[in-house]
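Raw run.cif, mmCIF, C-alpha atoms:
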```
data_data
#
loop_
_atom_site.label_atom_id
_atom_site.label_comp_id
_atom_site.auth_asym_id
_atom_site.auth_seq_id
_atom_site.Cartn_x
_atom_site.Cartn_y
_atom_site.Cartn_z
CA MET A 14 0.00 0.00 0.00
CA ILE A 15 2.81 2.41 0.93
CA SER A 16 4.48 1.81 -2.43
CA GLY A 17 1.25 2.56 -4.27
CA LEU A 18 0.68 5.70 -2.24
CA ARG A 19 4.20 6.91 -3.01
CA LYS A 20 3.47 6.53 -6.72
CA GLN A 21 0.37 8.68 -6.30
CA LEU A 22 2.26 11.41 -4.44
CA ARG A 23 5.50 11.32 -6.46
CA PRO A 24 4.45 14.18 -8.81
CA LEU A 25 3.71 16.35 -5.76
CA ILE A 26 7.03 15.58 -4.06
CA ALA A 27 8.87 16.72 -7.17
CA LEU A 28 7.29 20.18 -6.95
CA ALA A 29 8.57 23.12 -4.97
CA PRO A 30 7.76 22.60 -1.27
CA ALA A 31 5.27 25.49 -1.08
CA THR A 32 3.41 24.32 -4.19
CA ALA A 33 3.37 20.72 -3.01
CA LEU A 34 2.02 21.79 0.38
CA LEU A 35 -0.74 23.79 -1.27
CA LEU A 36 -1.79 20.87 -3.46
CA LEU A 37 -1.68 18.42 -0.58
CA ALA A 38 -3.92 20.73 1.44
CA GLY A 39 -6.40 20.50 -1.44
CA CYS A 40 -6.56 16.74 -0.93
CA TYR A 41 -8.63 17.17 2.20
CA PRO A 42 -12.42 17.37 1.99
CA PRO A 43 -13.63 20.83 0.96
CA PRO A 44 -14.92 22.97 3.84
CA PRO A 45 -18.64 23.79 4.18
CA GLN A 46 -18.20 27.22 2.57
CA TYR A 47 -16.50 25.76 -0.53
CA PRO A 48 -19.63 25.52 -2.77
CA PHE A 49 -20.44 29.17 -2.01
CA THR A 50 -17.14 30.70 -3.12
CA PRO A 51 -17.32 32.99 -6.18
CA GLN A 52 -15.64 30.39 -8.40
CA LEU A 53 -18.03 27.63 -7.36
CA THR A 54 -21.05 29.91 -7.60
CA GLU A 55 -20.07 30.49 -11.22
CA ARG A 56 -19.65 26.75 -11.83
CA ARG A 57 -23.06 26.07 -10.34
CA SER A 58 -24.56 28.63 -12.71
CA THR A 59 -22.75 27.04 -15.65
CA LEU A 60 -24.08 23.58 -14.79
CA HIS A 61 -27.54 25.09 -14.38
CA GLN A 62 -27.44 26.42 -17.96
CA ASN A 63 -25.92 23.21 -19.30
CA LEU A 64 -28.72 21.17 -17.80
CA LEU A 65 -31.38 23.41 -19.32
CA GLU A 66 -29.79 22.92 -22.74
CA LEU A 67 -30.52 19.19 -22.44
CA LEU A 68 -34.23 19.96 -22.55
CA PRO A 69 -36.38 20.52 -25.63
CA PRO A 70 -36.47 24.23 -26.54
CA GLU A 71 -40.10 24.59 -25.51
CA GLN A 72 -39.25 23.51 -21.94
CA ARG A 73 -36.10 25.53 -21.27
CA GLN A 74 -37.88 28.70 -20.20
CA LEU A 75 -40.55 27.07 -18.07
CA PRO A 76 -40.19 28.33 -14.48
CA ALA A 77 -40.53 24.82 -13.05
CA ALA A 78 -37.81 23.48 -15.37
CA VAL A 79 -35.50 26.40 -14.55
CA GLU A 80 -36.03 25.82 -10.83
CA GLU A 81 -35.47 22.07 -11.12
CA ALA A 82 -32.23 22.57 -13.04
CA ARG A 83 -31.09 25.11 -10.45
CA TRP A 84 -31.75 22.69 -7.60
CA LEU A 85 -29.85 19.91 -9.35
CA ALA A 86 -26.85 22.13 -10.12
CA ASP A 87 -26.66 23.55 -6.61
CA THR A 88 -27.21 20.21 -4.92
CA SER A 89 -24.58 18.50 -7.07
CA TYR A 90 -21.79 20.78 -5.87
CA LYS A 91 -22.99 21.01 -2.28
CA ALA A 92 -23.56 17.26 -1.92
CA ALA A 93 -20.20 16.31 -3.43
CA ALA A 94 -18.37 18.38 -0.81
CA ALA A 95 -20.56 17.11 2.03
CA ILE A 96 -20.03 13.47 1.03
CA ALA A 97 -16.25 13.87 1.12
CA ARG A 98 -16.46 15.35 4.62
CA ILE A 99 -18.65 12.51 5.88
CA ASN A 100 -16.35 9.94 4.27
CA ASN A 101 -13.42 11.71 5.95
CA SER A 102 -11.44 11.17 2.75
CA ASN A 103 -8.02 12.74 3.11
CA PHE A 104 -6.63 11.80 -0.31
CA PRO A 105 -8.34 12.00 -3.70
CA GLY A 106 -8.76 9.40 -6.41
CA TRP A 107 -6.53 6.36 -6.56
CA ALA A 108 -4.44 7.43 -3.54
CA GLY A 109 -7.61 7.29 -1.45
CA ASN A 110 -8.49 3.89 -2.90
CA ALA A 111 -5.13 2.53 -1.75
CA LEU A 112 -5.91 3.55 1.83
CA ILE A 113 -9.37 1.98 1.68
CA ASN A 114 -8.12 -1.29 0.21
CA ALA A 115 -5.50 -1.41 2.99
CA TYR A 116 -8.25 -0.93 5.64
CA ILE A 117 -6.72 2.38 6.76
CA GLN A 118 -9.73 4.38 5.55
CA ASP A 119 -13.34 3.18 5.45
CA ARG A 120 -14.97 5.07 2.63
CA GLY A 121 -14.21 6.91 -0.59
CA LEU A 122 -14.13 4.46 -3.51
CA CYS A 123 -15.59 5.84 -6.73
CA TRP A 124 -18.70 3.71 -6.44
CA HIS A 125 -19.17 4.89 -2.84
CA TYR A 126 -19.35 8.41 -4.25
CA GLN A 127 -21.63 7.19 -7.03
CA HIS A 128 -24.10 5.70 -4.54
CA ASP A 129 -23.93 8.75 -2.28
CA MET A 130 -24.41 11.26 -5.09
CA TYR A 131 -27.33 9.23 -6.41
CA ARG A 132 -28.87 9.30 -2.91
CA GLU A 133 -28.59 13.08 -2.67
CA LEU A 134 -29.97 13.80 -6.14
CA ARG A 135 -33.01 11.60 -5.47
CA ARG A 136 -34.20 13.77 -2.58
CA ARG A 137 -36.98 15.32 -4.65
CA PRO A 138 -39.22 14.02 -7.44
CA LEU A 139 -38.03 15.22 -10.85
CA THR A 140 -40.24 16.18 -13.79
CA TYR A 141 -37.81 17.42 -16.41
CA PHE A 142 -34.64 15.47 -15.56
CA ARG A 143 -33.55 12.04 -14.41
CA ILE A 144 -30.54 10.69 -12.52
CA GLY A 145 -28.49 7.83 -13.96
CA CYS A 146 -25.33 5.85 -13.23
CA CYS A 147 -22.42 5.26 -15.58
CA VAL A 148 -19.04 3.53 -15.59
CA ARG A 149 -15.72 3.66 -17.42
CA ASP A 150 -13.82 0.42 -18.12
CA PHE A 151 -16.43 -1.78 -16.47
CA SER A 152 -14.85 -4.77 -14.63
CA GLU A 153 -11.28 -3.62 -15.33
CA LEU A 154 -8.62 -2.33 -12.93
CA THR A 155 -9.27 1.24 -14.08
CA GLU A 156 -13.04 1.04 -13.52
CA HIS A 157 -14.52 4.40 -12.58
CA ASN A 158 -18.13 4.97 -11.54
CA CYS A 159 -20.11 8.22 -11.63
CA VAL A 160 -23.65 9.53 -11.77
CA TYR A 161 -25.14 11.63 -14.55
CA ILE A 162 -28.06 13.96 -15.15
CA ALA A 163 -30.08 13.63 -18.34
CA ALA A 164 -33.36 15.03 -19.60
CA ALA A 165 -36.36 13.02 -18.40
CA ASN A 166 -36.79 11.47 -21.85
CA GLY A 167 -33.13 11.74 -22.81
CA HIS A 168 -30.76 8.90 -23.54
CA TRP A 169 -27.11 8.25 -22.84
CA PRO A 170 -24.76 9.91 -23.74
CA GLN A 171 -26.81 13.11 -23.88
CA ALA A 172 -26.08 13.81 -20.24
CA TRP A 173 -23.73 15.57 -17.83
CA VAL A 174 -21.46 13.26 -15.84
CA LEU A 175 -20.80 14.21 -12.21
CA ASP A 176 -17.58 12.94 -10.66
CA ALA A 177 -17.26 13.67 -6.93
CA TRP A 178 -14.47 11.10 -6.43
CA MET A 179 -11.61 12.30 -8.62
CA TRP A 180 -10.98 15.54 -6.70
CA ASN A 181 -12.23 14.41 -3.30
CA GLY A 182 -15.54 16.23 -3.16
CA ARG A 183 -14.57 19.01 -5.56
CA LEU A 184 -17.02 18.15 -8.31
CA LYS A 185 -15.72 17.39 -11.80
CA VAL A 186 -18.31 17.77 -14.58
CA ASP A 187 -18.09 16.42 -18.15
CA HIS A 188 -20.54 16.01 -20.99
CA ALA A 189 -20.92 12.29 -21.60
CA ALA A 190 -20.82 12.75 -25.38
CA GLU A 191 -17.32 14.23 -25.08
CA LEU A 192 -15.98 11.21 -23.18
CA ASP A 193 -14.57 8.17 -24.95
CA ALA A 194 -17.66 6.26 -26.08
CA ASP A 195 -15.70 2.99 -26.18
CA ASP A 196 -14.78 3.29 -22.50
CA TRP A 197 -17.94 4.70 -20.90
CA GLN A 198 -21.36 3.12 -20.68
CA ASP A 199 -24.73 3.57 -19.03
CA LEU A 200 -25.55 1.42 -15.97
CA PRO A 201 -29.34 1.11 -15.81
CA ASP A 202 -29.16 -2.09 -13.72
CA ILE A 203 -27.17 -0.33 -11.00
CA CYS A 204 -29.68 2.53 -10.97
CA GLU A 205 -32.56 0.11 -10.60
CA MET A 206 -30.82 -1.57 -7.67
CA ILE A 207 -30.01 1.66 -5.79
CA ALA A 208 -33.38 3.25 -6.62
CA ALA A 209 -35.10 0.46 -4.71
CA THR A 210 -33.66 2.04 -1.56
CA TYR A 211 -33.43 5.70 -2.60
CA GLN A 212 -36.78 6.36 -4.18
CA GLU A 213 -37.55 9.87 -5.38
CA GLY A 214 -38.33 12.05 -2.39
CA HIS A 215 -36.73 9.62 0.09
CA ASN A 216 -35.93 10.74 3.63
CA TYR A 217 -32.63 8.99 4.32
CA PRO A 218 -30.08 11.27 6.00
CA VAL A 219 -26.91 12.32 4.20
CA GLU A 220 -24.95 10.02 6.53
CA HIS A 221 -26.73 6.89 5.29
CA TRP A 222 -24.76 4.44 3.12
CA PHE A 223 -26.34 2.12 0.60
CA SER A 224 -23.69 -0.54 1.24
CA VAL A 225 -21.12 -1.22 3.95
CA ARG A 226 -18.03 -3.39 4.19
CA CYS A 227 -18.55 -6.33 6.51
CA ASN A 228 -15.84 -7.51 8.84
CA ASP A 229 -14.87 -10.25 6.38
CA GLY A 230 -14.04 -7.57 3.80
CA LEU A 231 -17.06 -8.19 1.57
CA TYR A 232 -19.62 -5.50 0.83
CA THR A 233 -23.36 -5.87 1.24
CA ILE A 234 -26.34 -3.54 1.33
CA SER A 235 -26.61 -1.81 4.69
CA SER A 236 -30.13 -3.14 5.29
CA ALA A 237 -28.90 -6.75 5.34
CA ASN A 238 -28.73 -8.51 8.70
CA ARG A 239 -25.04 -9.37 8.32
CA ALA A 240 -24.26 -5.70 7.64
CA ARG A 241 -25.51 -4.74 11.09
CA ARG A 242 -22.71 -6.72 12.72
CA SER A 243 -19.97 -4.83 10.88
CA ASN A 244 -17.72 -2.06 12.18
CA GLN A 245 -18.60 0.09 9.18
CA TYR A 246 -22.31 -0.17 9.91
CA ARG A 247 -21.62 1.01 13.45
CA ARG A 248 -19.67 3.94 12.07
CA MET A 249 -22.57 4.81 9.77
CA TYR A 250 -24.99 4.69 12.70
CA GLU A 251 -22.68 6.90 14.77
CA ASN A 252 -22.50 9.36 11.87
CA ILE A 253 -26.29 9.46 11.66
CA LEU A 254 -26.61 10.18 15.38
CA LYS A 255 -23.95 12.87 15.14
CA GLY A 256 -25.74 14.37 12.13
CA GLN A 257 -29.01 14.56 14.03
CA GLN A 258 -27.25 16.82 16.54
CA GLU A 259 -25.31 18.87 13.97
CA HIS A 260 -28.22 19.57 11.61
CA PRO A 261 -31.41 19.00 13.65
CA GLY A 262 -34.57 19.06 11.62
CA SER A 263 -32.67 18.64 8.34
CA LEU A 264 -31.66 15.46 6.51
CA THR A 265 -28.55 17.09 5.08
CA ASN A 266 -25.58 19.08 6.38
CA TYR A 267 -25.34 21.44 3.41
#
```
Any chance you could give the structure as structure tokens?
Amino acid sequence: MISGLRKQLRPLIALAPATALLLLAGCYPPPPQYPFTPQLTERRSTLHQNLLELLPPEQRQLPAAVEEARWLADTSYKAAAAIARINNSNFPGWAGNALINAYIQDRGLCWHYQHDMYRELRRRPLTYFRIGCCVRDFSELTEHNCVYIAAANGHWPQAWVLDAWMWNGRLKVDHAAELDADDWQDLPDICEMIAATYQEGHNYPVEHWFSVRCNDGLYTISSANRARRSNQYRRMYENILKGQQEHPGSLTNY
């Protein structure tokens, strides 16, 4: 694990100390005010407009469609940052994966972020848009999972891909049509599985996890009996109790 982590950090070590320190500081989860900075406010507005452009022209100016796109854009950036804080992920991307696979860190794999982002974007019923799941290099060592937003009647790859994992809660956004079509694909089966728990308008708190790692190292859905005996389930439950105190009366901390 240490060898793999060194490979991840080698480009940073080669930089000037001040620059390397600045970049390493950016590895930590973004603070609560991060989505409200001028730069992120502009990015939220950009995503808002990009989402509206997915809709048929006759829908783009409808007040309800504009409001729905605004909620999705704002929630995407706010939720990504909040998820990283709850996961307590201190390194982004593959460096974080190395820590998780070595049992040093509990959460933060790309599909953890996928499940968590899907949960947050299903908090309200949608009329003009829908939430999907996608993957790059499915079943290969470089597999990478994300969520996407498409028009309600739209089809992959006419969608915007949301990646909260790559930059540790600092949302990365790409148009699916601009990604390599041979590497990326839609994952309707995964959506169907997660949607059974996170139905539109659900009331699960932001600290809830769709799946947890059992003490034998295997993952299972958190509602399974064997999941309740795991250390990670206990951590999730502790997070939920802590969240009830930190944001009373609200399901989210953002």
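Of the listed residues (A:Asn114, A:Thr88, A:Ser58, A:Asn103), A:Asn103 comes nearest to Pro42 (chain A); the distances count all atoms listed in the file.
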Which residue out of A:Gln212, A:Gln72, A:Asn166, A:Gln62 has the minimum interatomic distance to Tyr131 (chain A) when only C-alpha atoms are used?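 For Tyr131 (chain A), the nearest of the candidates is A:Gln212.
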Determine the axis-aligned bounding box of all atoms of region 117-124 of chain A present in the file, pad each side by 5 Å, and express its centre and edge lengths in Å to one decimal place as AutoDock Vina command-line options.
```
--center_x -12.7 --center_y 4.6 --center_z 0.0 --size_x 22.0 --size_y 14.5 --size_z 23.5
```
Residues at most 10 Å from Asn244 (chain A), counting all atoms listed in the file, excluding those fewer than 6 positions away in the same chain, as a PDB file with C-alpha atoms, in the frame of the given file?
```pdb
ATOM      1  CA  ASP A 119     -13.340   3.180   5.450  1.00  0.00           C
ATOM      2  CA  VAL A 225     -21.120  -1.220   3.950  1.00  0.00           C
ATOM      3  CA  ARG A 226     -18.030  -3.390   4.190  1.00  0.00           C
ATOM      4  CA  CYS A 227     -18.550  -6.330   6.510  1.00  0.00           C
ATOM      5  CA  ASN A 228     -15.840  -7.510   8.840  1.00  0.00           C
ATOM      6  CA  TYR A 250     -24.990   4.690  12.700  1.00  0.00           C
TER       7      TYR A 250
END
```
Separation of CA of Asn238 (chain A) from CA of Ala177 (chain A) in Å: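 Between these atoms lies a distance of 29.5 Å.
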What does the distance from CA of Trp180 (chain A) to CA of Pro44 (chain A) come to in Å, to one decimal?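 These two atoms are separated by 13.5 Å.
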If we count only C-alpha atoms and set the cut-off at 10 Å, which residues sit around Gly182 (chain A), ignoring sequence neighbours fewer than 5 positions away in its own chain? Please answer as a list in words. Cys40, Tyr41, Pro42, Pro43, Pro44, Tyr47, Tyr90, Lys91, Ala92, Ala93, Ala94, Ala95, Ile96, Ala97, Arg98, Asn100, Ser102, Pro105, Gly121, Tyr126, Asp176 and Ala177 of chain A
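When only C-alpha atoms are used to compute distances to Gly145 (chain A), the closest of the residues A:His168, A:His215, A:Lys255, A:Arg241 turns out to be A:His168.
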Using only C-alpha atoms, determine which residues lie at most 12 Å from Arg56 (chain A), disregarding the query and same-chain residues fewer than 2 positions distant; provide the list as number ranges by chain. A: 47-54, 58-63, 83, 86-87, 89-91, 183-186
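For the pair CA of Gln127 (chain A) and CA of Glu213 (chain A), the interatomic distance is 16.2 Å.
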Starting from the shown file, work through the PyMOL selection byres ((chain A and resi 149) around 7) and note down what comes out as a list in words. Val148, Asp150, Phe151, Glu156, His157, Asn158, Asp196, Trp197 and Gln198 of chain A
Result set of the PyMOL selection byres ((chain A and resi 237) around 12) on the coordinates above, as a VMD selection string: chain A and resid 223 to 227 232 to 236 238 to 243 246
For the structure shown, which residues end up in the PyMOL selection byres ((chain A and resi 113) around 12)? Put them as a count of residues only, please? 28
Skipping near chain neighbours, those fewer than 5 positions away, what residues fall within 10 Å of His221 (chain A) using only C-alpha atoms, listed as a ChimeraX atom specification? /A:99,129,132,235,246,249-250,252-253,264
